[in-house]
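Q: Here you go, entry-v9.pdb (PDB, C-alpha atoms, pLDDT in the B column):
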ATOM      1  CA  MET P1359      97.035-103.954  -4.715  1.00 50.00           C
ATOM      2  CA  ALA P1360      99.319-101.200  -3.391  1.00 51.00           C
ATOM      3  CA  SER P1361     102.276-100.157  -5.459  1.00 50.00           C
ATOM      4  CA  MET P1362     105.846-100.082  -4.103  1.00 50.00           C
ATOM      5  CA  ASN P1363     105.689 -96.281  -3.776  1.00 50.00           C
ATOM      6  CA  ASP P1364     102.451 -96.474  -1.760  1.00 49.00           C
ATOM      7  CA  ARG P1365     103.988 -99.002   0.649  1.00 49.00           C
ATOM      8  CA  GLN P1366     107.112 -96.905   1.065  1.00 51.00           C
ATOM      9  CA  ALA P1367     105.046 -93.786   1.687  1.00 51.00           C
ATOM     10  CA  THR P1368     103.143 -95.458   4.550  1.00 58.00           C
ATOM     11  CA  ARG P1369     106.268 -96.903   6.162  1.00 56.00           C
ATOM     12  CA  PRO P1370     107.086 -95.055   9.401  1.00 64.00           C
ATOM     13  CA  LYS P1371     110.316 -93.091   9.519  1.00 66.00           C
ATOM     14  CA  MET P1372     113.047 -94.980  11.392  1.00 56.00           C
ATOM     15  CA  HIS P1373     115.120 -93.328  14.071  1.00 60.00           C
ATOM     16  CA  GLN P1374     118.391 -94.621  15.349  1.00 64.00           C
ATOM     17  CA  ILE P1375     118.875 -94.614  19.106  1.00 68.00           C
ATOM     18  CA  GLN P1376     122.169 -95.357  20.810  1.00 72.00           C
ATOM     19  CA  PHE P1377     122.514 -96.936  24.231  1.00 74.00           C
ATOM     20  CA  GLU P1378     125.481 -97.655  26.437  1.00 77.00           C
ATOM     21  CA  ASN P1379     126.679-101.232  25.979  1.00 76.00           C
ATOM     22  CA  SER P1380     126.209-101.945  29.686  1.00 77.00           C
ATOM     23  CA  LYS P1381     122.462-101.195  29.294  1.00 82.00           C
ATOM     24  CA  LEU P1382     121.857-102.578  25.810  1.00 87.00           C
ATOM     25  CA  PHE P1383     123.660-105.926  25.971  1.00 88.00           C
ATOM     26  CA  PRO P1384     121.701-107.398  28.901  1.00 91.00           C
ATOM     27  CA  ILE P1385     118.521-106.830  26.846  1.00 91.00           C
ATOM     28  CA  ILE P1386     120.107-108.411  23.768  1.00 91.00           C
ATOM     29  CA  ILE P1387     121.373-111.384  25.790  1.00 94.00           C
ATOM     30  CA  ASP P1388     117.930-111.861  27.356  1.00 93.00           C
ATOM     31  CA  GLU P1389     116.336-112.007  23.877  1.00 93.00           C
ATOM     32  CA  ILE P1390     118.980-114.459  22.665  1.00 94.00           C
ATOM     33  CA  ASN P1391     118.402-116.677  25.715  1.00 94.00           C
ATOM     34  CA  LYS P1392     114.680-116.694  24.858  1.00 95.00           C
ATOM     35  CA  GLY P1393     115.608-118.269  21.516  1.00 94.00           C
ATOM     36  CA  HIS P1394     115.600-115.173  19.304  1.00 94.00           C
ATOM     37  CA  THR P1395     118.392-114.108  16.978  1.00 94.00           C
ATOM     38  CA  VAL P1396     119.646-110.533  17.117  1.00 92.00           C
ATOM     39  CA  THR P1397     121.259-108.487  14.360  1.00 91.00           C
ATOM     40  CA  LEU P1398     123.724-106.074  15.922  1.00 89.00           C
ATOM     41  CA  ASN P1399     125.263-103.031  14.244  1.00 88.00           C
ATOM     42  CA  LEU P1400     128.972-103.257  14.974  1.00 85.00           C
ATOM     43  CA  ARG P1401     130.850-100.474  16.732  1.00 83.00           C
ATOM     44  CA  GLY P1402     134.576-100.287  17.281  1.00 79.00           C
ATOM     45  CA  ILE P1403     137.687-101.280  15.379  1.00 71.00           C
ATOM     46  CA  SER P1404     138.726-104.437  17.204  1.00 72.00           C
ATOM     47  CA  MET P1405     137.583-106.770  14.392  1.00 75.00           C
ATOM     48  CA  ARG P1406     139.426-104.987  11.585  1.00 72.00           C
ATOM     49  CA  PRO P1407     140.385-105.628   8.840  1.00 71.00           C
ATOM     50  CA  PHE P1408     137.371-107.880   8.109  1.00 76.00           C
ATOM     51  CA  LEU P1409     134.647-105.990   9.958  1.00 80.00           C
ATOM     52  CA  GLU P1410     134.250-102.240  10.009  1.00 75.00           C
ATOM     53  CA  ASP P1411     132.884 -99.835  12.601  1.00 81.00           C
ATOM     54  CA  ARG P1412     129.316 -98.658  11.826  1.00 82.00           C
ATOM     55  CA  ARG P1413     129.287-100.488   8.489  1.00 86.00           C
ATOM     56  CA  ASP P1414     128.872-104.183   9.267  1.00 87.00           C
ATOM     57  CA  GLN P1415     126.402-106.208  11.307  1.00 90.00           C
ATOM     58  CA  ALA P1416     126.628-109.445  13.272  1.00 91.00           C
ATOM     59  CA  LEU P1417     123.867-112.036  13.557  1.00 94.00           C
ATOM     60  CA  LEU P1418     123.932-113.386  17.117  1.00 95.00           C
ATOM     61  CA  THR P1419     122.284-116.522  18.451  1.00 96.00           C
ATOM     62  CA  LYS P1420     122.239-118.621  21.595  1.00 96.00           C
ATOM     63  CA  LEU P1421     125.639-119.979  22.558  1.00 93.00           C
ATOM     64  CA  ASN P1422     126.156-123.413  21.049  1.00 87.00           C
ATOM     65  CA  ASN P1423     129.346-125.349  21.743  1.00 91.00           C
ATOM     66  CA  PRO P1424     131.909-122.578  21.122  1.00 94.00           C
ATOM     67  CA  GLN P1425     135.217-123.638  19.593  1.00 93.00           C
ATOM     68  CA  VAL P1426     138.607-122.038  18.967  1.00 92.00           C
ATOM     69  CA  LEU P1427     138.386-119.543  16.051  1.00 90.00           C
ATOM     70  CA  ASP P1428     134.666-118.894  16.654  1.00 92.00           C
ATOM     71  CA  PRO P1429     133.627-115.257  17.123  1.00 93.00           C
ATOM     72  CA  VAL P1430     131.535-114.796  20.260  1.00 95.00           C
ATOM     73  CA  LEU P1431     129.974-112.074  22.374  1.00 95.00           C
ATOM     74  CA  ALA P1432     131.636-112.166  25.787  1.00 95.00           C
ATOM     75  CA  GLU P1433     131.399-110.157  28.992  1.00 95.00           C
ATOM     76  CA  ILE P1434     135.034-109.652  30.011  1.00 94.00           C
ATOM     77  CA  GLY P1435     134.180-107.485  33.002  1.00 92.00           C
ATOM     78  CA  PRO P1436     130.976-106.272  34.665  1.00 92.00           C
ATOM     79  CA  GLY P1437     129.066-104.486  31.882  1.00 89.00           C
ATOM     80  CA  HIS P1438     132.063-104.659  29.480  1.00 91.00           C
ATOM     81  CA  TYR P1439     131.191-106.650  26.361  1.00 93.00           C
ATOM     82  CA  VAL P1440     133.349-107.565  23.374  1.00 93.00           C
ATOM     83  CA  LEU P1441     132.767-109.377  20.103  1.00 92.00           C
ATOM     84  CA  HIS P1442     136.024-111.272  19.592  1.00 93.00           C
ATOM     85  CA  ARG P1443     137.384-114.540  18.302  1.00 92.00           C
ATOM     86  CA  ILE P1444     138.212-117.392  20.688  1.00 94.00           C
ATOM     87  CA  ILE P1445     141.901-118.174  20.275  1.00 93.00           C
ATOM     88  CA  LYS P1446     142.360-120.586  23.187  1.00 95.00           C
ATOM     89  CA  MET P1447     140.255-122.626  25.603  1.00 97.00           C
ATOM     90  CA  GLU P1448     141.775-124.416  28.570  1.00 97.00           C
ATOM     91  CA  GLY P1449     139.292-125.833  31.016  1.00 95.00           C
ATOM     92  CA  ASP P1450     137.088-122.932  32.121  1.00 96.00           C
ATOM     93  CA  ASP P1451     139.534-120.252  30.873  1.00 97.00           C
ATOM     94  CA  VAL P1452     138.942-118.586  27.492  1.00 97.00           C
ATOM     95  CA  THR P1453     141.374-116.330  25.641  1.00 96.00           C
ATOM     96  CA  LEU P1454     139.841-113.902  23.145  1.00 96.00           C
ATOM     97  CA  LEU P1455     141.437-111.729  20.506  1.00 92.00           C
ATOM     98  CA  GLY P1456     139.820-109.183  18.228  1.00 88.00           C
ATOM     99  CA  ASP P1457     141.177-109.399  14.685  1.00 82.00           C
ATOM    100  CA  GLY P1458     142.282-105.765  14.966  1.00 81.00           C
ATOM    101  CA  ASN P1459     143.849-106.180  18.409  1.00 84.00           C
ATOM    102  CA  LEU P1460     147.399-107.047  19.338  1.00 84.00           C
ATOM    103  CA  ARG P1461     146.702-108.077  22.937  1.00 90.00           C
ATOM    104  CA  PRO P1462     144.315-110.820  24.044  1.00 93.00           C
ATOM    105  CA  GLU P1463     141.516-110.497  26.572  1.00 95.00           C
ATOM    106  CA  TYR P1464     140.379-113.156  28.992  1.00 97.00           C
ATOM    107  CA  CYS P1465     137.181-114.500  30.454  1.00 97.00           C
ATOM    108  CA  LYS P1466     135.616-117.704  31.743  1.00 97.00           C
ATOM    109  CA  LYS P1467     133.342-119.996  29.718  1.00 96.00           C
ATOM    110  CA  ASP P1468     130.416-118.755  31.816  1.00 96.00           C
ATOM    111  CA  ASP P1469     131.130-115.221  30.513  1.00 96.00           C
ATOM    112  CA  LEU P1470     130.475-116.203  26.890  1.00 97.00           C
ATOM    113  CA  ARG P1471     127.044-114.780  26.087  1.00 96.00           C
ATOM    114  CA  ALA P1472     126.267-115.477  22.405  1.00 96.00           C
ATOM    115  CA  SER P1473     127.562-117.142  19.265  1.00 95.00           C
ATOM    116  CA  VAL P1474     127.950-115.328  15.971  1.00 94.00           C
ATOM    117  CA  VAL P1475     126.178-117.065  13.094  1.00 94.00           C
ATOM    118  CA  GLY P1476     127.623-114.693  10.537  1.00 93.00           C
ATOM    119  CA  PHE P1477     128.162-111.137   9.397  1.00 91.00           C
ATOM    120  CA  TYR P1478     126.453-108.795   6.991  1.00 92.00           C
ATOM    121  CA  ARG P1479     129.459-107.037   5.474  1.00 86.00           C
ATOM    122  CA  LYS P1480     129.848-104.019   3.223  1.00 84.00           C
ATOM    123  CA  GLY P1481     126.108-103.290   3.084  1.00 84.00           C
ATOM    124  CA  ARG P1482     125.276-106.692   1.618  1.00 86.00           C
ATOM    125  CA  LYS P1483     121.990-108.416   2.394  1.00 90.00           C
ATOM    126  CA  THR P1484     123.519-111.905   2.267  1.00 90.00           C
ATOM    127  CA  LEU P1485     125.105-113.379   5.367  1.00 92.00           C
ATOM    128  CA  ASP P1486     128.769-114.368   5.434  1.00 90.00           C
ATOM    129  CA  ARG P1487     128.374-117.388   7.703  1.00 93.00           C
ATOM    130  CA  THR P1488     131.113-118.090  10.232  1.00 90.00           C
ATOM    131  CA  ASP P1489     130.922-121.795   9.381  1.00 91.00           C
ATOM    132  CA  GLY P1490     131.305-121.146   5.642  1.00 91.00           C
ATOM    133  CA  TRP P1491     134.481-121.667   3.630  1.00 91.00           C
ATOM    134  CA  LYS P1492     135.045-117.926   3.118  1.00 87.00           C
ATOM    135  CA  TRP P1493     135.044-116.996   6.805  1.00 86.00           C
ATOM    136  CA  ARG P1494     137.018-120.104   7.816  1.00 88.00           C
ATOM    137  CA  THR P1495     139.655-119.319   5.167  1.00 91.00           C
ATOM    138  CA  TYR P1496     139.940-115.689   6.309  1.00 83.00           C
ATOM    139  CA  SER P1497     140.213-116.871   9.902  1.00 84.00           C
ATOM    140  CA  TRP P1498     142.825-119.518   9.197  1.00 87.00           C
ATOM    141  CA  ILE P1499     145.069-117.109   7.273  1.00 86.00           C
ATOM    142  CA  TRP P1500     144.633-114.206   9.701  1.00 83.00           C
ATOM    143  CA  MET P1501     145.404-116.315  12.758  1.00 82.00           C
ATOM    144  CA  ARG P1502     148.652-117.503  11.120  1.00 84.00           C
ATOM    145  CA  LEU P1503     149.668-113.815  10.806  1.00 81.00           C
ATOM    146  CA  THR P1504     149.354-113.152  14.549  1.00 75.00           C
ATOM    147  CA  PRO P1505     153.133-112.776  15.094  1.00 75.00           C
ATOM    148  CA  ILE P1506     153.333-110.084  12.393  1.00 79.00           C
ATOM    149  CA  ARG P1507     149.746-108.742  12.651  1.00 75.00           C
ATOM    150  CA  ARG P1508     151.028-105.283  13.597  1.00 77.00           C
ATOM    151  CA  TRP P1509     152.227-104.544  10.027  1.00 80.00           C
ATOM    152  CA  PRO P1510     149.120-105.556   8.026  1.00 74.00           C
ATOM    153  CA  LEU P1511     146.974-103.656  10.549  1.00 74.00           C
ATOM    154  CA  ALA P1512     149.142-100.542  10.191  1.00 74.00           C
ATOM    155  CA  PHE P1513     148.901-100.788   6.381  1.00 75.00           C
ATOM    156  CA  HIS P1514     145.126-101.206   6.647  1.00 68.00           C
ATOM    157  CA  ARG P1515     144.737 -98.219   8.960  1.00 72.00           C
ATOM    158  CA  ARG P1516     147.251 -95.818   7.394  1.00 75.00           C
ATOM    159  CA  ILE P1517     146.867 -96.588   3.680  1.00 72.00           C
ATOM    160  CA  TRP P1518     143.914 -98.844   2.796  1.00 72.00           C
ATOM    161  CA  LEU P1519     141.264 -96.907   4.753  1.00 70.00           C
ATOM    162  CA  LYS P1520     142.469 -93.580   3.334  1.00 75.00           C
ATOM    163  CA  ILE P1521     142.106 -94.873  -0.241  1.00 77.00           C
ATOM    164  CA  PHE P1522     138.951 -96.972   0.231  1.00 73.00           C
ATOM    165  CA  LYS P1523     136.967 -95.107   2.912  1.00 72.00           C
ATOM    166  CA  PRO P1524     134.278 -97.494   4.249  1.00 67.00           C
ATOM    167  CA  LYS P1525     130.620 -96.507   3.988  1.00 65.00           C
ATOM    168  CA  ARG P1526     128.848 -96.215   7.342  1.00 63.00           C
ATOM    169  CA  ILE P1527     125.335 -97.451   8.016  1.00 57.00           C
TER     170      ILE P1527
END
Take the structure in this file and express it as structure tokens.
A:
Amino acid sequence: MASMNDRQATRPKMHQIQFENSKLFPIIIDEINKGHTVTLNLRGISMRPFLEDRRDQALLTKLNNPQVLDPVLAEIGPGHYVLHRIIKMEGDDVTLLGDGNLRPEYCKKDDLRASVVGFYRKGRKTLDRTDGWKWRTYSWIWMRLTPIRRWPLAFHRRIWLKIFKPKRI
């Protein structure tokens, strides 16, 4: 039986490759539509303060009855994808808002590409599920702060991140 060191020694070295979103996301969406789940390394600051650029990951799955407060992957323009929370649905119109954004973005229901099952945050190996009490509580509180969101976000950006610099993956 091989020891842990032997298995690690034979493991191939991993390389990280970056692609433009407009080229990568159609491949990801195709895999999701085939029934696979995809773990996506997050880029950008639009989901702050809960999710951090190059630190956290999202587990995506096939779209399944999206509701208000659910985070989704959406195509808001040709080749322009965002991972944001649904804040309003009226008929075919969907309003999205990243937790770190002050202005909403819009799309149609047909532009929603994937559901988020949960997030791997802060380097943890356990999933924070979006249907769990923790994520729902965060979401409920944060959405109630929308009128004054500017101030907690400024505190997070100008003070919190300087003191507690997030680790990147």
Q: Of the candidates P:Phe1522, P:Tyr1496, P:Phe1377, P:Phe1383, which shows the shortest atom-to-atom distance to Gly1437 in chain P, using only C-alpha atoms?
A: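 Smallest separation from Gly1437 in chain P among the options: P:Phe1383.
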Q: Identify the residues around (126.4, -114.5, 16.7) within a radius of 7 Å, measuring from all atoms listed in the file in the coordinates stated by the file, and give them as a PyMOL selection string.
A: chain P and resi 1416-1419+1430+1472-1476
Q: So that I can check the surroundings of Gly1481 in chain P, please list as number ranges by chain every protein, DNA and RNA residue that reaches within 7 Å of it, counting all atoms listed in the file and ignoring chain neighbours fewer than 2 positions away.
A: P: 1413-1414, 1478-1479, 1483
Q: What is the CA of Pro1429 in chain P-CA of Thr1484 in chain P distance in Å, reported with one decimal?
A: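 Pair CA of Pro1429 in chain P / CA of Thr1484 in chain P returns 18.3 Å.
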Q: Smallest atom-to-atom distance to Leu1400 in chain P: which of P:Val1426, P:Val1440, P:Leu1421, P:Ile1386, using all atoms listed in the file?
A: P:Val1440
Q: I need the output of the PyMOL selection byres ((chain P and resi 1443) around 8) for this file as a list in words; which residues are they?
A: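 Written out, the selection comes to Val1426, Leu1427, Asp1428, Pro1429, Val1430, Leu1441, His1442, Ile1444, Ile1445, Leu1454, Leu1455, Gly1456 and Asp1457 of chain P.
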Q: Between CA of Asn1379 in chain P and CA of Pro1510 in chain P, measure the distance and give it in Å to one decimal.
A: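 Between CA of Asn1379 in chain P and CA of Pro1510 in chain P the gap is 29.1 Å.
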Q: With all atoms listed in the file as the basis for distance, which of P:Arg1471, P:Lys1446, P:Arg1507, P:Arg1412 is at the shortest distance from Asn1391 in chain P?
A: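 Of the candidates, the smallest distance to Asn1391 in chain P is held by P:Arg1471.
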Q: To test your reading of the syntax: which residues would the PyMOL selection byres ((chain P and resi 1458) around 12) return for the file shown? Reply as a PyMOL selection string.
A: chain P and resi 1402-1411+1441-1443+1454-1457+1459-1462+1500-1501+1503-1504+1507-1515
Q: Can you work out the spacing between CA of Trp1491 in chain P and CA of Pro1505 in chain P in Å, to one decimal?
A: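 These two atoms are separated by 23.6 Å.
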Q: Write out as a PDB file with C-alpha atoms, in the frame of the given file the residues lying within 7 Å of Arg1487 in chain P, counting only C-alpha atoms and excluding same-chain residues fewer than 2 positions away.
A:
ATOM      1  CA  VAL P1475     126.178-117.065  13.094  1.00 94.00           C
ATOM      2  CA  GLY P1476     127.623-114.693  10.537  1.00 93.00           C
ATOM      3  CA  PHE P1477     128.162-111.137   9.397  1.00 91.00           C
ATOM      4  CA  LEU P1485     125.105-113.379   5.367  1.00 92.00           C
ATOM      5  CA  ASP P1489     130.922-121.795   9.381  1.00 91.00           C
ATOM      6  CA  GLY P1490     131.305-121.146   5.642  1.00 91.00           C
ATOM      7  CA  TRP P1493     135.044-116.996   6.805  1.00 86.00           C
TER       8      TRP P1493
END
Q: Give the answer as one residue: which of P:Lys1523, P:Lys1466, P:Lys1381, P:His1394 has the shortest atom-to-atom distance to Ile1434 in chain P, using only C-alpha atoms?
A: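 So, comparing all the options, the nearest one is P:Lys1466.
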Q: Put the listed atoms of range 1489-1504 of chain P in a box along x, y and z with 3 Å added on every side and give me the centre and edge lengths in Å to one decimal, as lines of an AutoDock Vina configuration file.
A:
center_x = 140.3
center_y = -117.5
center_z = 8.8
size_x = 24.7
size_y = 14.6
size_z = 17.4
Q: Check what the PyMOL selection byres ((chain P and resi 1467) around 8) selects in the file above and give those residues as a PyMOL selection string.
A: chain P and resi 1450-1452+1465-1466+1468-1470
Q: Is there a way to complete range 1417-1449 of chain P with N, CA and C atoms and then write that out as a JSON list (two decimals), in the coordinates of the input?
A:
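What landed in rebuild-v3.json:
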[["chain", "number", "residue", "atom", "x", "y", "z"],
["P", 1417, "LEU", "N", 125.07, -111.30, 13.20],
["P", 1417, "LEU", "CA", 123.87, -112.04, 13.56],
["P", 1417, "LEU", "C", 124.24, -112.94, 14.73],
["P", 1418, "LEU", "N", 123.63, -112.66, 15.88],
["P", 1418, "LEU", "CA", 123.93, -113.39, 17.12],
["P", 1418, "LEU", "C", 122.83, -114.38, 17.44],
["P", 1419, "THR", "N", 123.23, -115.50, 18.04],
["P", 1419, "THR", "CA", 122.28, -116.52, 18.45],
["P", 1419, "THR", "C", 122.75, -117.11, 19.78],
["P", 1420, "LYS", "N", 121.91, -117.97, 20.33],
["P", 1420, "LYS", "CA", 122.24, -118.62, 21.60],
["P", 1420, "LYS", "C", 123.56, -119.39, 21.48],
["P", 1421, "LEU", "N", 124.33, -119.32, 22.53],
["P", 1421, "LEU", "CA", 125.64, -119.98, 22.56],
["P", 1421, "LEU", "C", 125.47, -121.48, 22.33],
["P", 1422, "ASN", "N", 126.27, -122.01, 21.40],
["P", 1422, "ASN", "CA", 126.16, -123.41, 21.05],
["P", 1422, "ASN", "C", 127.54, -124.00, 20.84],
["P", 1423, "ASN", "N", 128.08, -124.64, 21.84],
["P", 1423, "ASN", "CA", 129.35, -125.35, 21.74],
["P", 1423, "ASN", "C", 130.46, -124.52, 21.10],
["P", 1424, "PRO", "N", 130.86, -123.43, 21.73],
["P", 1424, "PRO", "CA", 131.91, -122.58, 21.12],
["P", 1424, "PRO", "C", 133.24, -123.30, 21.00],
["P", 1425, "GLN", "N", 133.94, -123.02, 19.90],
["P", 1425, "GLN", "CA", 135.22, -123.64, 19.59],
["P", 1425, "GLN", "C", 136.26, -122.56, 19.32],
["P", 1426, "VAL", "N", 137.53, -122.95, 19.34],
["P", 1426, "VAL", "CA", 138.61, -122.04, 18.97],
["P", 1426, "VAL", "C", 138.36, -121.56, 17.53],
["P", 1427, "LEU", "N", 138.59, -120.30, 17.29],
["P", 1427, "LEU", "CA", 138.39, -119.54, 16.05],
["P", 1427, "LEU", "C", 136.97, -119.00, 15.89],
["P", 1428, "ASP", "N", 136.03, -119.41, 16.75],
["P", 1428, "ASP", "CA", 134.67, -118.89, 16.65],
["P", 1428, "ASP", "C", 134.59, -117.48, 17.22],
["P", 1429, "PRO", "N", 133.89, -116.57, 16.53],
["P", 1429, "PRO", "CA", 133.63, -115.26, 17.12],
["P", 1429, "PRO", "C", 132.44, -115.37, 18.08],
["P", 1430, "VAL", "N", 132.57, -114.73, 19.23],
["P", 1430, "VAL", "CA", 131.54, -114.80, 20.26],
["P", 1430, "VAL", "C", 131.35, -113.42, 20.90],
["P", 1431, "LEU", "N", 130.21, -113.23, 21.51],
["P", 1431, "LEU", "CA", 129.97, -112.07, 22.37],
["P", 1431, "LEU", "C", 130.30, -112.52, 23.79],
["P", 1432, "ALA", "N", 131.20, -111.79, 24.44],
["P", 1432, "ALA", "CA", 131.64, -112.17, 25.79],
["P", 1432, "ALA", "C", 131.60, -110.95, 26.70],
["P", 1433, "GLU", "N", 131.34, -111.20, 27.96],
["P", 1433, "GLU", "CA", 131.40, -110.16, 28.99],
["P", 1433, "GLU", "C", 132.72, -110.35, 29.73],
["P", 1434, "ILE", "N", 133.69, -109.48, 29.44],
["P", 1434, "ILE", "CA", 135.03, -109.65, 30.01],
["P", 1434, "ILE", "C", 135.20, -108.93, 31.34],
["P", 1435, "GLY", "N", 134.22, -108.17, 31.72],
["P", 1435, "GLY", "CA", 134.18, -107.48, 33.00],
["P", 1435, "GLY", "C", 132.74, -107.05, 33.22],
["P", 1436, "PRO", "N", 132.37, -106.67, 34.43],
["P", 1436, "PRO", "CA", 130.98, -106.27, 34.66],
["P", 1436, "PRO", "C", 130.54, -105.15, 33.71],
["P", 1437, "GLY", "N", 129.58, -105.46, 32.83],
["P", 1437, "GLY", "CA", 129.07, -104.49, 31.88],
["P", 1437, "GLY", "C", 129.99, -104.16, 30.72],
["P", 1438, "HIS", "N", 131.10, -104.90, 30.56],
["P", 1438, "HIS", "CA", 132.06, -104.66, 29.48],
["P", 1438, "HIS", "C", 132.01, -105.84, 28.51],
["P", 1439, "TYR", "N", 131.42, -105.60, 27.35],
["P", 1439, "TYR", "CA", 131.19, -106.65, 26.36],
["P", 1439, "TYR", "C", 132.10, -106.47, 25.15],
["P", 1440, "VAL", "N", 132.54, -107.59, 24.59],
["P", 1440, "VAL", "CA", 133.35, -107.56, 23.37],
["P", 1440, "VAL", "C", 132.85, -108.64, 22.42],
["P", 1441, "LEU", "N", 133.04, -108.39, 21.14],
["P", 1441, "LEU", "CA", 132.77, -109.38, 20.10],
["P", 1441, "LEU", "C", 134.13, -109.73, 19.52],
["P", 1442, "HIS", "N", 134.67, -110.86, 19.98],
["P", 1442, "HIS", "CA", 136.02, -111.27, 19.59],
["P", 1442, "HIS", "C", 136.04, -112.75, 19.23],
["P", 1443, "ARG", "N", 137.16, -113.16, 18.70],
["P", 1443, "ARG", "CA", 137.38, -114.54, 18.30],
["P", 1443, "ARG", "C", 138.02, -115.30, 19.47],
["P", 1444, "ILE", "N", 137.57, -116.52, 19.70],
["P", 1444, "ILE", "CA", 138.21, -117.39, 20.69],
["P", 1444, "ILE", "C", 139.52, -117.89, 20.09],
["P", 1445, "ILE", "N", 140.63, -117.66, 20.79],
["P", 1445, "ILE", "CA", 141.90, -118.17, 20.27],
["P", 1445, "ILE", "C", 142.45, -119.31, 21.13],
["P", 1446, "LYS", "N", 141.88, -119.50, 22.34],
["P", 1446, "LYS", "CA", 142.36, -120.59, 23.19],
["P", 1446, "LYS", "C", 141.31, -120.90, 24.25],
["P", 1447, "MET", "N", 141.15, -122.18, 24.54],
["P", 1447, "MET", "CA", 140.26, -122.63, 25.60],
["P", 1447, "MET", "C", 140.98, -123.70, 26.39],
["P", 1448, "GLU", "N", 141.16, -123.44, 27.67],
["P", 1448, "GLU", "CA", 141.78, -124.42, 28.57],
["P", 1448, "GLU", "C", 140.90, -124.54, 29.80],
["P", 1449, "GLY", "N", 140.21, -125.66, 29.89],
["P", 1449, "GLY", "CA", 139.29, -125.83, 31.02],
["P", 1449, "GLY", "C", 138.21, -124.78, 30.96]]
